[in-house]
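Participant: input-v2.txt is reproduced in full below (compact mmCIF, C-alpha atoms and all ligand atoms).
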```
# COMPACT_ATOMS: atom_id res chain seq x y z
CA MET A 64 -12.05 -32.02 -8.05
CA SER A 65 -11.32 -28.39 -7.46
CA PRO A 66 -13.34 -26.63 -4.76
CA ARG A 67 -16.24 -24.46 -5.85
CA LEU A 68 -18.04 -21.73 -4.11
CA ASP A 69 -21.68 -22.53 -3.51
CA ALA A 70 -23.11 -19.03 -3.69
CA ASN A 71 -25.67 -17.68 -6.07
CA PRO A 72 -24.79 -14.67 -8.23
CA ASP A 73 -27.49 -12.54 -6.61
CA LEU A 74 -25.80 -12.94 -3.22
CA ILE A 75 -22.45 -11.88 -4.65
CA ALA A 76 -23.99 -8.95 -6.52
CA ALA A 77 -25.64 -7.83 -3.26
CA ALA A 78 -22.28 -8.19 -1.48
CA ALA A 79 -20.61 -5.96 -4.08
CA ARG A 80 -23.33 -3.33 -3.73
CA ARG A 81 -22.87 -3.39 0.05
CA VAL A 82 -19.10 -2.89 -0.40
CA MET A 83 -19.70 0.13 -2.65
CA ALA A 84 -22.25 1.66 -0.25
CA ARG A 85 -19.85 1.18 2.68
CA CYS A 86 -17.02 2.79 0.70
CA ASP A 87 -19.34 5.80 0.37
CA GLU A 88 -20.14 5.68 4.08
CA LEU A 89 -16.45 5.57 5.07
CA ALA A 90 -15.67 8.40 2.62
CA ARG A 91 -17.81 10.65 4.82
CA VAL A 92 -15.52 9.99 7.80
CA SER A 93 -12.97 12.64 6.96
CA ALA A 94 -10.94 15.39 8.61
CA ALA A 95 -11.63 17.64 5.60
CA ALA A 96 -15.06 19.06 4.80
CA ASP A 97 -14.90 18.66 1.03
CA ALA A 98 -12.29 15.92 0.60
CA ILE A 99 -11.32 12.54 2.05
CA GLU A 100 -8.50 12.57 4.59
CA ARG A 101 -8.12 10.01 7.33
CA VAL A 102 -4.76 9.70 9.03
CA TYR A 103 -3.24 7.46 11.68
CA LEU A 104 -4.37 7.90 15.30
CA SER A 105 -6.92 10.61 14.45
CA ALA A 106 -10.55 10.92 15.54
CA GLU A 107 -11.52 9.70 12.04
CA HIS A 108 -9.32 6.62 12.49
CA ALA A 109 -11.22 5.80 15.70
CA ARG A 110 -14.56 6.27 13.96
CA VAL A 111 -13.79 3.97 11.01
CA ASN A 112 -12.43 1.34 13.40
CA ARG A 113 -15.72 1.40 15.29
CA LEU A 114 -17.66 0.97 12.04
CA ALA A 115 -15.38 -1.85 10.91
CA ALA A 116 -15.78 -3.56 14.30
CA GLU A 117 -19.57 -3.34 13.96
CA TRP A 118 -19.41 -4.89 10.46
CA MET A 119 -17.04 -7.62 11.68
CA ARG A 120 -19.51 -8.59 14.43
CA GLU A 121 -22.35 -8.46 11.94
CA VAL A 122 -20.78 -11.34 9.94
CA GLY A 123 -20.21 -13.30 13.15
CA MET A 124 -16.59 -12.41 13.89
CA SER A 125 -15.14 -11.39 17.22
CA ALA A 126 -13.65 -7.91 16.90
CA ARG A 127 -10.78 -6.15 18.65
CA GLN A 128 -8.48 -3.21 18.15
CA ASP A 129 -4.82 -4.17 18.60
CA ALA A 130 -2.07 -2.28 20.41
CA ALA A 131 -1.15 -0.31 17.25
CA GLY A 132 -4.70 0.75 16.38
CA ASN A 133 -5.29 -1.90 13.72
CA GLN A 134 -8.84 -3.29 13.72
CA LEU A 135 -9.10 -7.09 13.62
CA GLY A 136 -11.95 -9.54 13.27
CA ARG A 137 -11.71 -13.30 13.74
CA LEU A 138 -13.87 -16.31 12.93
CA ASP A 139 -12.67 -19.49 14.63
CA PRO A 140 -13.00 -22.92 13.09
CA ALA A 141 -15.27 -25.47 14.78
CA GLY A 142 -13.95 -27.38 17.78
CA ASP A 143 -12.88 -26.48 21.31
CA ASP A 144 -9.34 -25.58 20.25
CA GLY A 145 -10.56 -23.30 17.43
CA ARG A 146 -9.35 -20.30 19.36
CA ASP A 147 -5.74 -21.45 18.97
CA ALA A 148 -5.96 -22.34 15.29
CA PRO A 149 -3.74 -20.46 12.86
CA ALA A 150 -5.57 -17.99 10.61
CA ILE A 151 -5.66 -16.88 7.02
CA MET A 152 -5.55 -13.10 7.27
CA LEU A 153 -7.56 -11.12 4.71
CA GLY A 154 -7.69 -7.35 4.49
CA SER A 155 -6.09 -4.05 3.62
CA HIS A 156 -5.99 -0.54 5.16
CA LEU A 157 -8.53 2.17 6.07
CA ASP A 158 -6.21 5.22 6.28
CA THR A 159 -5.87 7.58 3.33
CA VAL A 160 -3.63 10.17 1.71
CA PRO A 161 -4.86 13.81 1.70
CA ASP A 162 -7.63 14.47 -0.89
CA ALA A 163 -7.91 10.73 -1.40
CA GLY A 164 -10.17 8.47 -3.39
CA ARG A 165 -12.58 6.19 -1.58
CA TYR A 166 -11.35 2.74 -2.66
CA ASP A 167 -7.56 2.51 -2.11
CA GLY A 168 -7.26 0.03 0.76
CA ILE A 169 -10.85 0.44 1.90
CA VAL A 170 -12.37 -1.77 -0.78
CA GLY A 171 -10.02 -4.61 0.21
CA VAL A 172 -11.14 -4.54 3.84
CA LEU A 173 -14.84 -4.48 2.90
CA MET A 174 -14.43 -7.25 0.30
CA ALA A 175 -12.75 -9.42 2.96
CA LEU A 176 -15.85 -9.06 5.16
CA GLU A 177 -18.04 -10.23 2.27
CA VAL A 178 -15.74 -13.21 1.72
CA VAL A 179 -16.33 -14.15 5.37
CA ARG A 180 -20.08 -13.84 4.82
CA LEU A 181 -19.86 -16.21 1.81
CA LEU A 182 -17.60 -18.80 3.44
CA ARG A 183 -18.85 -18.95 7.07
CA VAL A 184 -20.84 -21.96 8.29
CA PRO A 185 -23.25 -22.16 11.26
CA GLY A 186 -21.72 -23.38 14.54
CA ASP A 187 -23.41 -25.41 17.26
CA GLU A 188 -24.43 -22.48 19.42
CA GLY A 189 -26.12 -20.22 16.91
CA ASP A 190 -22.73 -18.72 16.12
CA TRP A 191 -20.71 -18.67 12.91
CA ARG A 192 -17.53 -20.63 12.23
CA SER A 193 -14.79 -20.92 9.66
CA PRO A 194 -15.45 -24.05 7.56
CA PHE A 195 -11.72 -24.79 7.37
CA GLY A 196 -9.08 -26.21 9.69
CA PHE A 197 -7.83 -22.62 10.06
CA ALA A 198 -9.51 -19.46 11.33
CA ILE A 199 -10.36 -16.52 9.08
CA GLU A 200 -9.23 -13.08 10.21
CA VAL A 201 -10.00 -9.73 8.63
CA VAL A 202 -7.56 -6.91 9.27
CA ALA A 203 -8.05 -3.18 8.71
CA PHE A 204 -4.53 -1.80 8.92
CA SER A 205 -4.28 1.63 10.50
CA ASP A 206 -1.42 3.32 8.68
CA GLU A 207 -0.40 2.13 5.26
CA GLU A 208 0.06 5.52 3.63
CA GLY A 209 2.30 7.20 6.21
CA THR A 210 0.51 10.50 5.60
CA ARG A 211 0.71 11.80 9.17
CA PHE A 212 4.24 10.90 10.31
CA GLY A 213 5.99 10.53 6.94
CA LYS A 214 6.68 6.85 7.56
CA ALA A 215 4.45 4.32 5.80
CA LEU A 216 3.32 0.88 7.03
CA LEU A 217 3.34 1.71 10.76
CA GLY A 218 0.26 -0.44 11.48
CA SER A 219 1.39 -3.51 9.55
CA SER A 220 4.96 -3.17 10.83
CA ALA A 221 3.62 -3.49 14.38
CA VAL A 222 1.71 -6.66 13.40
CA ALA A 223 4.84 -8.03 11.70
CA GLY A 224 6.90 -7.33 14.83
CA ILE A 225 9.32 -5.10 12.92
CA TRP A 226 8.51 -1.81 14.70
CA ASP A 227 11.58 0.39 15.05
CA ASP A 228 11.77 2.27 18.36
CA ASP A 229 13.15 5.32 16.52
CA TRP A 230 9.63 5.78 15.11
CA TRP A 231 8.26 6.89 18.50
CA ALA A 232 9.98 10.24 18.01
CA LEU A 233 8.65 10.90 14.49
CA THR A 234 6.46 14.00 14.45
CA ASP A 235 3.45 15.18 12.47
CA ALA A 236 3.04 18.70 11.02
CA GLU A 237 1.95 20.00 14.45
CA GLY A 238 5.01 18.57 16.19
CA THR A 239 3.05 15.76 17.89
CA THR A 240 5.18 12.64 18.25
CA VAL A 241 4.02 9.12 17.49
CA ARG A 242 4.30 8.39 21.22
CA GLU A 243 2.06 11.35 22.13
CA ALA A 244 -0.43 10.42 19.41
CA PHE A 245 -0.65 6.87 20.80
CA LEU A 246 -1.51 8.26 24.24
CA ASP A 247 -4.05 10.74 22.81
CA PHE A 248 -5.70 7.86 20.93
CA GLY A 249 -5.92 5.81 24.13
CA LEU A 250 -3.17 3.34 23.23
CA ASP A 251 -0.31 2.42 25.57
CA PRO A 252 3.08 2.68 23.78
CA GLY A 253 4.49 0.25 26.34
CA ARG A 254 2.18 -2.48 25.05
CA LEU A 255 2.96 -2.08 21.34
CA SER A 256 4.69 -5.46 21.13
CA GLU A 257 1.33 -7.13 21.90
CA ALA A 258 0.25 -6.23 18.35
CA ALA A 259 2.99 -8.48 16.92
CA ARG A 260 1.91 -11.85 15.58
CA ARG A 261 4.07 -14.95 15.56
CA PRO A 262 4.63 -16.61 12.18
CA GLY A 263 2.91 -19.83 13.39
CA GLU A 264 -0.32 -17.90 14.02
CA LEU A 265 -0.85 -17.15 10.34
CA VAL A 266 -1.46 -19.39 7.35
CA GLY A 267 -0.90 -16.45 5.00
CA TYR A 268 -2.07 -12.95 4.13
CA LEU A 269 -4.33 -12.20 1.14
CA GLU A 270 -5.18 -8.68 0.06
CA ALA A 271 -7.47 -7.37 -2.67
CA HIS A 272 -6.60 -3.86 -3.85
CA ILE A 273 -7.29 -1.59 -6.80
CA GLU A 274 -4.41 -1.71 -9.26
CA GLN A 275 -3.42 2.00 -8.99
CA GLY A 276 -2.31 1.78 -12.60
CA PRO A 277 -3.91 1.32 -16.04
CA LEU A 278 -2.69 -2.15 -17.12
CA LEU A 279 -5.92 -4.05 -16.46
CA ASP A 280 -8.01 -1.22 -17.89
CA ARG A 281 -5.92 -1.27 -21.07
CA ARG A 282 -6.20 -5.06 -21.33
CA GLY A 283 -9.97 -4.92 -20.80
CA GLU A 284 -9.71 -7.35 -17.86
CA SER A 285 -11.13 -7.23 -14.35
CA LEU A 286 -8.64 -9.08 -12.14
CA ALA A 287 -4.94 -9.86 -11.94
CA VAL A 288 -2.52 -11.83 -9.79
CA VAL A 289 0.28 -9.76 -8.23
CA SER A 290 3.78 -11.22 -8.57
CA SER A 291 5.68 -8.80 -6.33
CA ILE A 292 5.55 -5.44 -4.63
CA ALA A 293 8.09 -3.01 -5.99
CA SER A 294 11.47 -2.43 -4.55
CA ALA A 295 11.98 1.27 -3.94
CA ARG A 296 14.72 3.75 -3.12
CA ARG A 297 14.29 7.43 -2.46
CA PHE A 298 16.99 10.09 -2.47
CA GLN A 299 17.26 13.78 -1.73
CA LEU A 300 19.79 15.30 -4.13
CA HIS A 301 21.67 18.51 -3.45
CA ILE A 302 23.25 20.36 -6.35
CA GLU A 303 25.61 23.19 -5.48
CA GLY A 304 26.73 26.02 -7.72
CA GLU A 305 27.17 29.68 -6.98
CA ALA A 306 24.53 32.38 -6.39
CA ARG A 307 25.34 35.55 -8.31
CA HIS A 308 23.72 38.59 -9.80
CA ALA A 309 21.26 37.70 -12.59
CA GLY A 310 22.14 40.78 -14.62
CA GLY A 311 25.87 41.06 -14.17
CA THR A 312 26.97 37.42 -14.53
CA PRO A 313 27.74 36.33 -18.12
CA TYR A 314 26.82 32.79 -19.14
CA ASP A 315 30.40 31.55 -19.18
CA MET A 316 30.75 32.49 -15.50
CA ARG A 317 27.48 31.00 -14.29
CA ARG A 318 27.30 27.91 -12.10
CA ASP A 319 23.51 27.63 -12.15
CA ALA A 320 22.36 24.85 -9.80
CA LEU A 321 18.76 24.93 -11.04
CA LEU A 322 19.78 24.28 -14.64
CA GLY A 323 21.92 21.35 -13.44
CA ALA A 324 18.96 20.00 -11.48
CA SER A 325 16.68 20.45 -14.50
CA GLU A 326 19.03 18.49 -16.71
CA ALA A 327 19.22 15.85 -13.99
CA ALA A 328 15.41 15.52 -13.89
CA LEU A 329 15.27 15.05 -17.66
CA ALA A 330 18.13 12.53 -17.56
CA ILE A 331 16.33 10.50 -14.86
CA GLU A 332 13.27 10.32 -17.10
CA ARG A 333 15.33 9.30 -20.13
CA ILE A 334 17.31 6.60 -18.28
CA CYS A 335 14.25 5.09 -16.56
CA ARG A 336 12.14 5.14 -19.75
CA GLY A 337 14.82 3.13 -21.48
CA GLU A 338 14.46 0.38 -18.87
CA HIS A 339 11.94 -2.40 -18.48
CA HIS A 340 9.87 -2.05 -15.28
CA ILE A 341 11.84 0.79 -13.70
CA ILE A 342 9.98 3.97 -12.84
CA GLY A 343 11.77 7.12 -11.74
CA THR A 344 10.11 10.34 -10.57
CA VAL A 345 11.38 13.74 -9.52
CA GLY A 346 8.51 15.01 -7.39
CA GLN A 347 10.20 17.91 -5.63
CA LEU A 348 12.51 20.58 -7.01
CA GLU A 349 13.52 23.75 -5.21
CA ALA A 350 15.98 26.50 -6.10
CA PHE A 351 17.84 28.68 -3.58
CA PRO A 352 18.00 31.45 -2.67
CA GLY A 353 14.89 31.53 -4.84
CA ALA A 354 14.95 35.17 -5.91
CA VAL A 355 13.93 36.49 -9.30
CA ASN A 356 17.22 38.35 -9.81
CA ILE A 357 19.75 35.77 -8.55
CA VAL A 358 21.30 32.87 -10.46
CA PRO A 359 20.36 29.87 -8.26
CA GLY A 360 23.32 28.73 -6.21
CA ASP A 361 21.67 25.64 -4.73
CA ALA A 362 19.02 23.21 -5.86
CA ARG A 363 17.41 20.32 -4.08
CA LEU A 364 15.40 17.59 -5.75
CA SER A 365 13.90 14.28 -4.77
CA VAL A 366 14.24 11.02 -6.70
CA ASP A 367 11.82 8.12 -6.28
CA LEU A 368 12.99 4.92 -7.99
CA ARG A 369 10.90 1.77 -8.15
CA GLY A 370 11.46 -1.52 -9.87
CA GLU A 371 10.44 -5.12 -9.93
CA PHE A 372 13.93 -6.28 -8.94
CA ASP A 373 16.40 -4.76 -6.48
CA GLY A 374 19.41 -5.37 -8.74
CA GLU A 375 17.87 -3.64 -11.74
CA ARG A 376 16.88 -0.67 -9.58
CA ASP A 377 20.39 -0.38 -8.13
CA ARG A 378 21.98 -0.56 -11.59
CA VAL A 379 19.72 2.28 -12.75
CA TRP A 380 20.72 4.38 -9.73
CA GLU A 381 24.37 3.87 -10.72
CA ALA A 382 23.59 5.01 -14.27
CA ILE A 383 21.83 8.09 -12.88
CA SER A 384 24.85 8.78 -10.66
CA ARG A 385 27.20 8.67 -13.65
CA GLU A 386 24.91 11.04 -15.53
CA LEU A 387 24.90 13.42 -12.53
CA ASP A 388 28.73 13.34 -12.57
CA GLU A 389 28.69 14.30 -16.24
CA ILE A 390 26.09 17.08 -15.92
CA THR A 391 27.63 18.66 -12.83
CA GLY A 392 31.17 18.31 -14.24
CA ARG A 393 30.20 20.08 -17.45
CA ARG A 394 28.40 22.85 -15.55
CA ARG A 395 31.07 23.19 -12.82
CA LEU A 396 28.61 22.16 -10.09
CA ARG A 397 28.86 19.66 -7.23
CA TRP A 398 26.25 17.07 -6.28
CA SER A 399 25.59 14.92 -3.25
CA SER A 400 22.75 12.61 -2.25
CA ARG A 401 21.13 11.33 0.89
CA GLU A 402 19.16 8.10 0.76
CA VAL A 403 15.93 8.59 2.71
CA HIS A 404 14.12 5.33 2.01
CA SER A 405 15.06 1.86 0.84
CA ALA A 406 12.80 -1.17 0.64
CA PRO A 407 13.56 -4.45 -1.08
CA ALA A 408 11.07 -6.02 -3.47
CA VAL A 409 8.66 -8.38 -1.74
CA PHE A 410 7.74 -11.41 -3.80
CA CYS A 411 4.29 -12.84 -3.37
CA ALA A 412 4.37 -16.44 -2.14
CA PRO A 413 4.23 -18.85 -5.13
CA LEU A 414 1.50 -20.92 -3.44
CA LEU A 415 -0.64 -17.83 -2.78
CA GLN A 416 -0.07 -16.57 -6.34
CA ASP A 417 -1.29 -19.98 -7.53
CA VAL A 418 -4.43 -20.01 -5.38
CA ILE A 419 -5.32 -16.46 -6.46
CA ARG A 420 -4.81 -17.46 -10.12
CA GLU A 421 -7.04 -20.51 -9.56
CA GLY A 422 -9.54 -18.29 -7.76
CA ILE A 423 -9.73 -15.96 -10.76
CA VAL A 424 -10.06 -18.89 -13.19
CA SER A 425 -12.84 -20.44 -11.07
CA THR A 426 -14.61 -17.07 -11.13
CA LEU A 427 -14.24 -16.17 -14.79
CA GLY A 428 -14.44 -19.73 -16.15
CA SER A 429 -11.62 -21.70 -17.73
CA GLY A 430 -12.64 -20.38 -21.17
CA ALA A 431 -11.48 -16.90 -20.21
CA GLN A 432 -8.01 -15.60 -20.98
CA ALA A 433 -5.35 -16.68 -18.48
CA PRO A 434 -5.24 -14.06 -15.71
CA ALA A 435 -2.54 -11.40 -16.00
CA THR A 436 0.32 -11.50 -13.50
CA ILE A 437 1.65 -8.03 -12.77
CA PHE A 438 4.01 -6.45 -10.27
CA SER A 439 2.89 -3.59 -8.08
CA PRO A 440 4.91 -0.39 -8.37
CA ALA A 441 2.91 0.96 -5.40
CA GLY A 442 3.74 -0.10 -1.84
CA HIS A 443 1.34 -2.20 0.26
CA ASP A 444 0.99 -3.60 3.78
CA GLY A 445 2.20 -6.94 2.40
CA MET A 446 5.71 -5.43 2.36
CA ALA A 447 5.66 -5.50 6.17
CA ILE A 448 3.52 -8.62 6.68
CA GLY A 449 5.84 -10.52 4.34
CA ALA A 450 8.30 -10.59 7.27
CA ILE A 451 6.12 -13.14 9.11
CA THR A 452 3.95 -14.92 6.55
CA GLY A 453 3.38 -15.51 2.85
CA VAL A 454 1.65 -12.70 0.97
CA GLY A 455 -0.78 -12.94 -1.94
CA MET A 456 -2.49 -10.04 -3.71
CA LEU A 457 -5.42 -9.73 -6.08
CA PHE A 458 -5.66 -6.57 -8.18
CA LEU A 459 -8.94 -5.05 -9.38
CA ARG A 460 -9.23 -2.95 -12.52
CA ASN A 461 -8.82 0.76 -11.74
CA PRO A 462 -10.40 2.78 -14.59
CA ASP A 463 -7.84 5.12 -16.19
CA GLY A 464 -5.36 3.95 -13.54
CA ILE A 465 -6.09 6.98 -11.41
CA SER A 466 -5.68 6.73 -7.63
CA HIS A 467 -4.64 8.91 -4.69
CA HIS A 468 -7.17 11.27 -6.26
CA PRO A 469 -10.92 11.89 -5.71
CA ASP A 470 -11.67 10.42 -9.18
CA GLU A 471 -10.32 7.02 -8.13
CA ALA A 472 -12.84 4.37 -9.20
CA VAL A 473 -13.69 0.68 -9.36
CA SER A 474 -16.86 -0.85 -10.81
CA THR A 475 -19.45 -2.76 -8.81
CA ASP A 476 -19.17 -5.62 -11.32
CA ASP A 477 -15.42 -5.89 -10.81
CA VAL A 478 -15.88 -5.82 -7.04
CA ALA A 479 -18.38 -8.69 -7.38
CA LEU A 480 -15.87 -10.69 -9.45
CA GLY A 481 -13.14 -9.81 -6.94
CA ILE A 482 -15.18 -10.97 -3.93
CA ARG A 483 -15.89 -14.26 -5.62
CA ALA A 484 -12.27 -14.73 -6.74
CA LEU A 485 -10.95 -13.99 -3.24
CA ALA A 486 -13.41 -16.47 -1.69
CA GLU A 487 -12.47 -19.09 -4.31
CA SER A 488 -8.79 -18.42 -3.54
CA VAL A 489 -9.34 -19.23 0.13
CA LEU A 490 -11.16 -22.43 -0.89
CA HIS A 491 -8.26 -23.41 -3.12
CA LEU A 492 -5.83 -22.71 -0.30
CA ALA A 493 -7.89 -24.88 2.08
CA ALA A 494 -7.79 -27.72 -0.47
CA GLU A 495 -3.97 -27.66 -0.61
CA PRO A 496 -2.25 -30.53 1.16
CA VAL A 497 -0.59 -29.09 4.26
ZN ZN B 501 -3.51 1.15 -0.57
```
Is it possible to express this structure as structure tokens?
Ligand SMILES: [Zn+2]

Facilitator:
Amino acid sequence: MSPRLDANPDLIAAAARRVMARCDELARVSAAADAIERVYLSAEHARVNRLAAEWMREVGMSARQDAAGNQLGRLDPAGDDGRDAPAIMLGSHLDTVPDAGRYDGIVGVLMALEVVRLLRVPGDEGDWRSPFGFAIEVVAFSDEEGTRFGKALLGSSAVAGIWDDDWWALTDAEGTTVREAFLDFGLDPGRLSEAARRPGELVGYLEAHIEQGPLLDRRGESLAVVSSIASARRFQLHIEGEARHAGGTPYDMRRDALLGASEAALAIERICRGEHHIIGTVGQLEAFPGAVNIVPGDARLSVDLRGEFDGERDRVWEAISRELDEITGRRRLRWSSREVHSAPAVFCAPLLQDVIREGIVSTLGSGAQAPATIFSPAGHDGMAIGAITGVGMLFLRNPDGISHHPDEAVSTDDVALGIRALAESVLHLAAEPV
């Protein structure tokens, strides 16, 4: 018989309302007066960690902040050796982009706390315990977005033990280095490695997150299983022509770098649109010298390429490169590129995909449509945590697919379904033969 959650719907509805109210409460912890902005190692980061710690203790967990500023809660299983038991890690991140919404990351941390509340059992000493052979941990990662230092996943990379010492020298807009920010926050850079977890300490990592896209909204469904987190490559392109007088230079003599870059941006859209599951974006475009009366001699543009599979993404980059050769050849320009980011696709663990699918089916009833399985074009902490343990993700419907924006939304009903599905997923995982 498959495991079932013994919780009445009123409890789960109350849990969802608490999650929504806490999202509102955290939204008020912001560096900006009229917007949400909460970056790594800031005063706001410290404040939300304190709140999260309070809420972790409230559901019976022990709470600690790790050496990279991630906030962790833990509920041991029964028995004297519970402290050494491996843990299922549930959670997401509490940092935000500038002018953010209030649910990206945050809702996943708060839902994880409600899952603990639903699953916990009383211990012998008036305490609370995990009902399983493994512990339950809740993590609030400290830097998923990379807003402050331009490098994403700093918090989860520390937990995964894949911190790169070059990152200490990264600077924020004020010139503060990561190392200085650690010290200002009260963290010792020399102890960073203590944040790293060993693979044997974790049973797996499960994260609930809003979809950040419109697929579930278009399908009229609440929840989906995530198959993989996108592979991504980012480039800075430089197109060189010749700056000359805007009045005196006839068209046949012009080597206009901005027009070459414009054609390139349109070509990138055309090539990527013709592909299945490849998304390409030119988000930055600048012309130099940038004067009203000079034909632009230089142009710089960014390219962000994401795909479900690394090979497909790389093939599309080659097609874009050939197109750039053609455009710049025809316009007598030169182009070069610098790769500034590359991340392979991270596939969610088949077992964790299965338990999340079973968790959704247990929640919605077997009469409901089979849950959608979708890949995530957005990055997540699972990309780092995947280095040490299996990753599973549950997506919640995100109305109109809007996120990284103040209008970002999720419904209380979907959060209730998500809490239940995540709790059912953990039950299904516990029922798996080890
Ligand atoms: Zn997020």

Participant: Find the residues of region 331-428 of chain A that sit at most 6 Å from region 313-322 of chain A; for each, write down the nearest two atoms and how far apart they are in Å, to one decimal. Count only C-alpha atoms. Sort by chain, then by number going up, and give it as JSON lines.

Facilitator:
```
{"residue": "A:Ala350", "atom": "CA", "partner": "A:Leu321", "partner_atom": "CA", "distance": 5.9}
{"residue": "A:Val358", "atom": "CA", "partner": "A:Asp319", "partner_atom": "CA", "distance": 5.9}
{"residue": "A:Pro359", "atom": "CA", "partner": "A:Asp319", "partner_atom": "CA", "distance": 5.5}
{"residue": "A:Gly360", "atom": "CA", "partner": "A:Ala320", "partner_atom": "CA", "distance": 5.4}
{"residue": "A:Asp361", "atom": "CA", "partner": "A:Ala320", "partner_atom": "CA", "distance": 5.2}
{"residue": "A:Ala362", "atom": "CA", "partner": "A:Ala320", "partner_atom": "CA", "distance": 5.4}
```

Participant: Quick one: 4 Å padding each side, axis-aligned, all listed atoms of region 313-331 of chain A - centre and edge lengths in Å to one decimal, as lines of an AutoDock Vina configuration file?

Facilitator:
```
center_x = 23.0
center_y = 23.4
center_z = -14.5
size_x = 23.5
size_y = 33.8
size_z = 17.4
```

Participant: Mind listing the residues within 12 Å of ligand ZN 501 (chain B), all atoms listed in the file counted, as a count of residues only?

Facilitator: 47

Participant: Using only C-alpha atoms, can you list as a compact mmCIF listing (two decimals) with C-alpha atoms, keeping the file's coordinate frame the residues within 9 Å of (22.9, 17.7, -14.5)?

Facilitator:
```
# COMPACT_ATOMS: atom_id res chain seq x y z
CA ILE A 302 23.25 20.36 -6.35
CA ALA A 320 22.36 24.85 -9.80
CA LEU A 322 19.78 24.28 -14.64
CA GLY A 323 21.92 21.35 -13.44
CA ALA A 324 18.96 20.00 -11.48
CA SER A 325 16.68 20.45 -14.50
CA GLU A 326 19.03 18.49 -16.71
CA ALA A 327 19.22 15.85 -13.99
CA ALA A 328 15.41 15.52 -13.89
CA LEU A 329 15.27 15.05 -17.66
CA ALA A 330 18.13 12.53 -17.56
CA GLU A 386 24.91 11.04 -15.53
CA LEU A 387 24.90 13.42 -12.53
CA ASP A 388 28.73 13.34 -12.57
CA GLU A 389 28.69 14.30 -16.24
CA ILE A 390 26.09 17.08 -15.92
CA THR A 391 27.63 18.66 -12.83
CA GLY A 392 31.17 18.31 -14.24
CA ARG A 393 30.20 20.08 -17.45
CA ARG A 394 28.40 22.85 -15.55
CA LEU A 396 28.61 22.16 -10.09
CA TRP A 398 26.25 17.07 -6.28
```

Participant: May I have the residues at most 8 Å from (-6.1, -14.5, -14.9) in the file's coordinates, counting only C-alpha atoms, as a PyMOL selection string?

Facilitator: chain A and resi 286-288+420+423-424+431-436

Participant: Got time to write the residues from that selection, C-alpha atoms, as a compact mmCIF listing (two decimals), in the coordinates of the input?

Facilitator:
```txt
# COMPACT_ATOMS: atom_id res chain seq x y z
CA LEU A 286 -8.64 -9.08 -12.14
CA ALA A 287 -4.94 -9.86 -11.94
CA VAL A 288 -2.52 -11.83 -9.79
CA ARG A 420 -4.81 -17.46 -10.12
CA ILE A 423 -9.73 -15.96 -10.76
CA VAL A 424 -10.06 -18.89 -13.19
CA ALA A 431 -11.48 -16.90 -20.21
CA GLN A 432 -8.01 -15.60 -20.98
CA ALA A 433 -5.35 -16.68 -18.48
CA PRO A 434 -5.24 -14.06 -15.71
CA ALA A 435 -2.54 -11.40 -16.00
CA THR A 436 0.32 -11.50 -13.50
```

Participant: List as number ranges by chain the protein and nucleic acid residues near Asp477 (chain A), meaning an atom at most 8 Å away when only C-alpha atoms are counted, but skip any in the same chain fewer than 3 places from it.

Facilitator: A: 285-286, 459-460, 473-474, 480-481

Participant: May I have the residues within 9 Å of Arg110 (chain A) as a list in words, using all atoms listed in the file and disregarding those fewer than 5 positions away in the same chain?

Facilitator: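 The neighbour list is Val92, Ser105 and Ala115 of chain A.
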
Participant: Mind writing the picked residues with C-alpha atoms as a PDB file, in the frame of the given file?

Facilitator:
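Output contents, as saved in again_9.pdb:
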```pdb
ATOM      1  CA  VAL A  92     -15.520   9.990   7.800  1.00  0.00           C
ATOM      2  CA  SER A 105      -6.920  10.610  14.450  1.00  0.00           C
ATOM      3  CA  ALA A 115     -15.380  -1.850  10.910  1.00  0.00           C
TER       4      ALA A 115
END
```

Participant: Enter the distance from CA of Arg261 (chain A) to CA of Ala223 (chain A), in Å, rounded to one decimal.

Facilitator: 8.0 Å

Participant: Quote the spacing between CA of Ala116 (chain A) and CA of Glu177 (chain A) in Å to one decimal place.

Facilitator: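 Separation of CA of Ala116 (chain A) and CA of Glu177 (chain A): 13.9 Å.
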
Participant: Which one of A:Leu490, A:Leu74, A:Ala126, A:Ala258 sits closest to Leu114 (chain A) if you count only C-alpha atoms?

Facilitator: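 Result for the nearest residue to Leu114 (chain A): A:Ala126.
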
Participant: Go through A:Ser429, A:Ser400, A:Ala148, A:Ser193 and flag the residue nearest Gly263 (chain A), using only C-alpha atoms for the distances.

Facilitator: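 Ranking A:Ser429, A:Ser400, A:Ala148, A:Ser193 by distance to Gly263 (chain A), first place goes to A:Ala148.
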
Participant: Quick check, in Å to one decimal: how far apart do CA of Ala94 (chain A) and CA of Phe245 (chain A) lie?

Facilitator: 18.1 Å

Participant: Can you pull out every residue within 7 Å of Asp373 (chain A), counting only C-alpha atoms, but drop anything in the same chain fewer than 5 positions away, and send it as a list in words?

Facilitator: Ser294, Pro407 and Ala408 of chain A

Participant: From the set A:His308, A:Arg192, A:Arg254, A:Arg67, which residue has the shortest atom-to-atom contact distance to Gly422 (chain A), counting only C-alpha atoms?

Facilitator: A:Arg67

Participant: Given all atoms listed in the file as the basis, pick out the residue of A:Gln299, A:Asn71, A:Gln134, A:Thr234 nearest to His404 (chain A).

Facilitator: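 The shortest atom-to-atom distance to His404 (chain A) comes from A:Gln299.
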
Participant: Of the residues A:Ile448, A:Leu104, A:Phe410, A:Val178, which is the one nearest to Arg242 (chain A), using all atoms listed in the file?

Facilitator: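 Distance minimum relative to Arg242 (chain A) lands on A:Leu104.
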